[in-house]
Amino acid sequence: MNTELVQAREHFIQGMSRISHFWGFSKAMGAIYGAIYLSPAPISLDELVAQVGVSKGAVSTNVRTLERLGMIHKRIQLGDRKDYYIAETDFWKIVRRVLREREQSEFDQALRTVGESMVLVEELIEGADTEMDVETAVFYSDRMQAMQSFFNSLDNLVAMLIALEDLRSKSVQNLFGR
């Protein structure tokens with residue numbers, strides 16, 4: 001392969017690694033998706049190990065996560081016992097799936113934690129020993145309420161984006177009969 005093409009591919013994979021890390025996933029996961037995405041044919045775990053430079057165990061673990069997120073799909077090659085993978089190229093589908101997964105676990109946990117913390121602070125306000133404790137507890141309560149409001153707004157925004165994408169998908173399916 002042309003040296004410039006190899007450099008462009010490696011540069012892209014590094015970029016996918018950074019983006020993945022930014023969104024809270026492992027760098028290896030981004031690099032693996034980048035390698036699969038730029039592969040014109042289904043690619044095996046062994047090929048991914050060679051291209052991405054991480055252990056086979058790390059590749060296998062990240063491939064399972066990418067499959068769960070719907071970012072890649074397993075393909076079987078007749079006469080070969082290895083699993084091969086192709087990238088999902090419908091980015092809206094990927095975003096919808098990732099948002100659903102993250103929204104369910106992360107936002108629910110964040111909202112629950114903030115709510116529980118607010119209950120603790122409210123109890124402290126009622127039973128505080130000093131004025132300084134009351135002031136600190138009120139300050140915490142104000143900050144936590146602001147955070148809870150933000151998380152609720154973010155949760156609603158994500159739910160709206162998912163609903164809009166579902167509506168778009170259904171409209172396209174109805175329009176084209178798929």
# chains A, B, ... in the order shown; residues from 1 in each chain; ligands from 1
>>> residues_around(residues="Met29 in chain A", least_positions_apart="5", cutoff="10 Å", atoms="only C-alpha atoms", output="JSON, numbers by chain")
{"A": [16, 17, 20, 21, 34, 35, 52, 58, 59, 61, 62, 63, 64, 65, 66]}
>>> write_last_selection(atoms="N, CA and C atoms", output="PDB file, in the first residue's frame")
ATOM      1  N   MET A  16      -9.834   8.817  15.498  1.00  0.00           N
ATOM      2  CA  MET A  16     -10.971   8.067  16.043  1.00  0.00           C
ATOM      3  C   MET A  16     -10.692   7.682  17.501  1.00  0.00           C
ATOM      4  N   SER A  17      -9.439   7.407  17.787  1.00  0.00           N
ATOM      5  CA  SER A  17      -9.036   7.076  19.153  1.00  0.00           C
ATOM      6  C   SER A  17      -9.274   8.265  20.079  1.00  0.00           C
ATOM      7  N   SER A  20     -13.048   8.865  20.544  1.00  0.00           N
ATOM      8  CA  SER A  20     -13.580   7.844  21.441  1.00  0.00           C
ATOM      9  C   SER A  20     -13.284   8.193  22.895  1.00  0.00           C
ATOM     10  N   HIS A  21     -12.060   8.584  23.153  1.00  0.00           N
ATOM     11  CA  HIS A  21     -11.657   8.952  24.512  1.00  0.00           C
ATOM     12  C   HIS A  21     -12.453  10.167  24.995  1.00  0.00           C
ATOM     13  N   GLY A  34     -12.118   2.725  13.868  1.00  0.00           N
ATOM     14  CA  GLY A  34     -11.489   3.391  12.727  1.00  0.00           C
ATOM     15  C   GLY A  34     -10.886   2.399  11.749  1.00  0.00           C
ATOM     16  N   ALA A  35     -10.214   1.375  12.267  1.00  0.00           N
ATOM     17  CA  ALA A  35      -9.613   0.357  11.398  1.00  0.00           C
ATOM     18  C   ALA A  35     -10.681  -0.438  10.655  1.00  0.00           C
ATOM     19  N   VAL A  52      -3.987  -2.174  14.788  1.00  0.00           N
ATOM     20  CA  VAL A  52      -4.210  -1.211  15.866  1.00  0.00           C
ATOM     21  C   VAL A  52      -3.092  -1.258  16.907  1.00  0.00           C
ATOM     22  N   ALA A  58      -7.642  -7.188  24.354  1.00  0.00           N
ATOM     23  CA  ALA A  58      -8.206  -5.834  24.306  1.00  0.00           C
ATOM     24  C   ALA A  58      -9.064  -5.648  23.058  1.00  0.00           C
ATOM     25  N   VAL A  59      -8.591  -6.192  21.932  1.00  0.00           N
ATOM     26  CA  VAL A  59      -9.373  -6.098  20.695  1.00  0.00           C
ATOM     27  C   VAL A  59     -10.692  -6.836  20.879  1.00  0.00           C
ATOM     28  N   THR A  61     -12.385  -7.601  23.625  1.00  0.00           N
ATOM     29  CA  THR A  61     -13.266  -6.892  24.566  1.00  0.00           C
ATOM     30  C   THR A  61     -13.909  -5.678  23.915  1.00  0.00           C
ATOM     31  N   ASN A  62     -13.117  -4.894  23.208  1.00  0.00           N
ATOM     32  CA  ASN A  62     -13.650  -3.689  22.567  1.00  0.00           C
ATOM     33  C   ASN A  62     -14.566  -4.021  21.396  1.00  0.00           C
ATOM     34  N   VAL A  63     -14.280  -5.101  20.688  1.00  0.00           N
ATOM     35  CA  VAL A  63     -15.150  -5.525  19.587  1.00  0.00           C
ATOM     36  C   VAL A  63     -16.529  -5.899  20.135  1.00  0.00           C
ATOM     37  N   ARG A  64     -16.562  -6.589  21.277  1.00  0.00           N
ATOM     38  CA  ARG A  64     -17.864  -6.936  21.880  1.00  0.00           C
ATOM     39  C   ARG A  64     -18.654  -5.671  22.231  1.00  0.00           C
ATOM     40  N   THR A  65     -17.967  -4.665  22.767  1.00  0.00           N
ATOM     41  CA  THR A  65     -18.640  -3.404  23.096  1.00  0.00           C
ATOM     42  C   THR A  65     -19.135  -2.708  21.831  1.00  0.00           C
ATOM     43  N   LEU A  66     -18.299  -2.666  20.809  1.00  0.00           N
ATOM     44  CA  LEU A  66     -18.701  -2.048  19.535  1.00  0.00           C
ATOM     45  C   LEU A  66     -19.899  -2.774  18.935  1.00  0.00           C
TER      46      LEU A  66
END
>>> select_by_dssp(residues="range 39-102 of chain A", states="alpha helix (DSSP H)", output="count of residues only")
33
>>> closest_atom_pairs(of="range 41-139 of chain A", to="range 152-167 of chain A", cutoff="9 Å", atoms="only C-alpha atoms", output="JSON lines")
{"residue": "A:Trp92", "atom": "CA", "partner": "A:Glu165", "partner_atom": "CA", "distance": 7.5}
{"residue": "A:Lys93", "atom": "CA", "partner": "A:Glu165", "partner_atom": "CA", "distance": 8.3}
{"residue": "A:Val95", "atom": "CA", "partner": "A:Ile162", "partner_atom": "CA", "distance": 8.9}
{"residue": "A:Arg96", "atom": "CA", "partner": "A:Ile162", "partner_atom": "CA", "distance": 5.8}
{"residue": "A:Arg97", "atom": "CA", "partner": "A:Ile162", "partner_atom": "CA", "distance": 8.7}
{"residue": "A:Leu99", "atom": "CA", "partner": "A:Val158", "partner_atom": "CA", "distance": 6.9}
{"residue": "A:Arg100", "atom": "CA", "partner": "A:Ile162", "partner_atom": "CA", "distance": 7.3}
{"residue": "A:Glu103", "atom": "CA", "partner": "A:Asp155", "partner_atom": "CA", "distance": 7.0}
{"residue": "A:Phe107", "atom": "CA", "partner": "A:Asp155", "partner_atom": "CA", "distance": 6.6}
{"residue": "A:Asp108", "atom": "CA", "partner": "A:Asp155", "partner_atom": "CA", "distance": 8.7}
{"residue": "A:Leu111", "atom": "CA", "partner": "A:Asn152", "partner_atom": "CA", "distance": 7.5}
>>> select_by_dssp(residues="range 60-151 of chain A", states="strand (DSSP E)", output="list of chain:residue names")
A:Ile72, A:His73, A:Lys74, A:Arg75, A:Ile76, A:Asp83, A:Tyr84, A:Tyr85, A:Ile86, A:Ala87
>>> closest_residue(among="A:Tyr37, A:Gln145, A:Gly79, A:Arg18", to="Val114 in chain A", atoms="only C-alpha atoms")
A:Gln145
>>> residues_around(residues="Gly53 in chain A", least_positions_apart="6", cutoff="12 Å", atoms="only C-alpha atoms", output="list in words")
Glu10, Ile13, Gln14, Lys27, Ala28, Met29, Ala31, Ile32, Ala35, Leu45, Asp46, Glu47 and Val59 of chain A
>>> write_last_selection(atoms="C-alpha atoms", output="mmCIF file, in the first residue's frame")
data_model
loop_
_atom_site.group_PDB
_atom_site.id
_atom_site.type_symbol
_atom_site.label_atom_id
_atom_site.label_comp_id
_atom_site.auth_asym_id
_atom_site.auth_seq_id
_atom_site.Cartn_x
_atom_site.Cartn_y
_atom_site.Cartn_z
ATOM 1 C CA GLU A 10 -3.022 5.802 10.711
ATOM 2 C CA ILE A 13 -7.328 5.845 13.351
ATOM 3 C CA GLN A 14 -5.545 8.131 15.833
ATOM 4 C CA LYS A 27 -8.930 4.924 22.957
ATOM 5 C CA ALA A 28 -8.496 1.360 21.702
ATOM 6 C CA MET A 29 -12.217 1.159 20.936
ATOM 7 C CA ALA A 31 -8.925 2.938 16.980
ATOM 8 C CA ILE A 32 -10.581 -0.440 16.365
ATOM 9 C CA ALA A 35 -9.613 0.357 11.398
ATOM 10 C CA LEU A 45 -9.505 -9.965 15.133
ATOM 11 C CA ASP A 46 -5.968 -10.991 14.149
ATOM 12 C CA GLU A 47 -5.869 -8.318 11.441
ATOM 13 C CA VAL A 59 -9.373 -6.098 20.695
#
>>> closest_residue(among="A:Asn174, A:Glu101, A:Ala110, A:Tyr33", to="His73 in chain A", atoms="only C-alpha atoms")
A:Tyr33
>>> closest_residue(among="A:Val54, A:Lys74, A:Ser169, A:Gln7", to="Asp90 in chain A", atoms="only C-alpha atoms")
A:Ser169
>>> closest_residue(among="A:Ser60, A:Ser44, A:Thr3, A:Thr113", to="Asp80 in chain A", atoms="only C-alpha atoms")
A:Ser44
>>> closest_residue(among="A:Asp83, A:Arg68, A:Trp23, A:Leu78", to="Ile43 in chain A", atoms="only C-alpha atoms")
A:Asp83
>>> atom_distance(atom1="CA of Met144 in chain A", atom2="CA of Thr130 in chain A")
20.9 Å
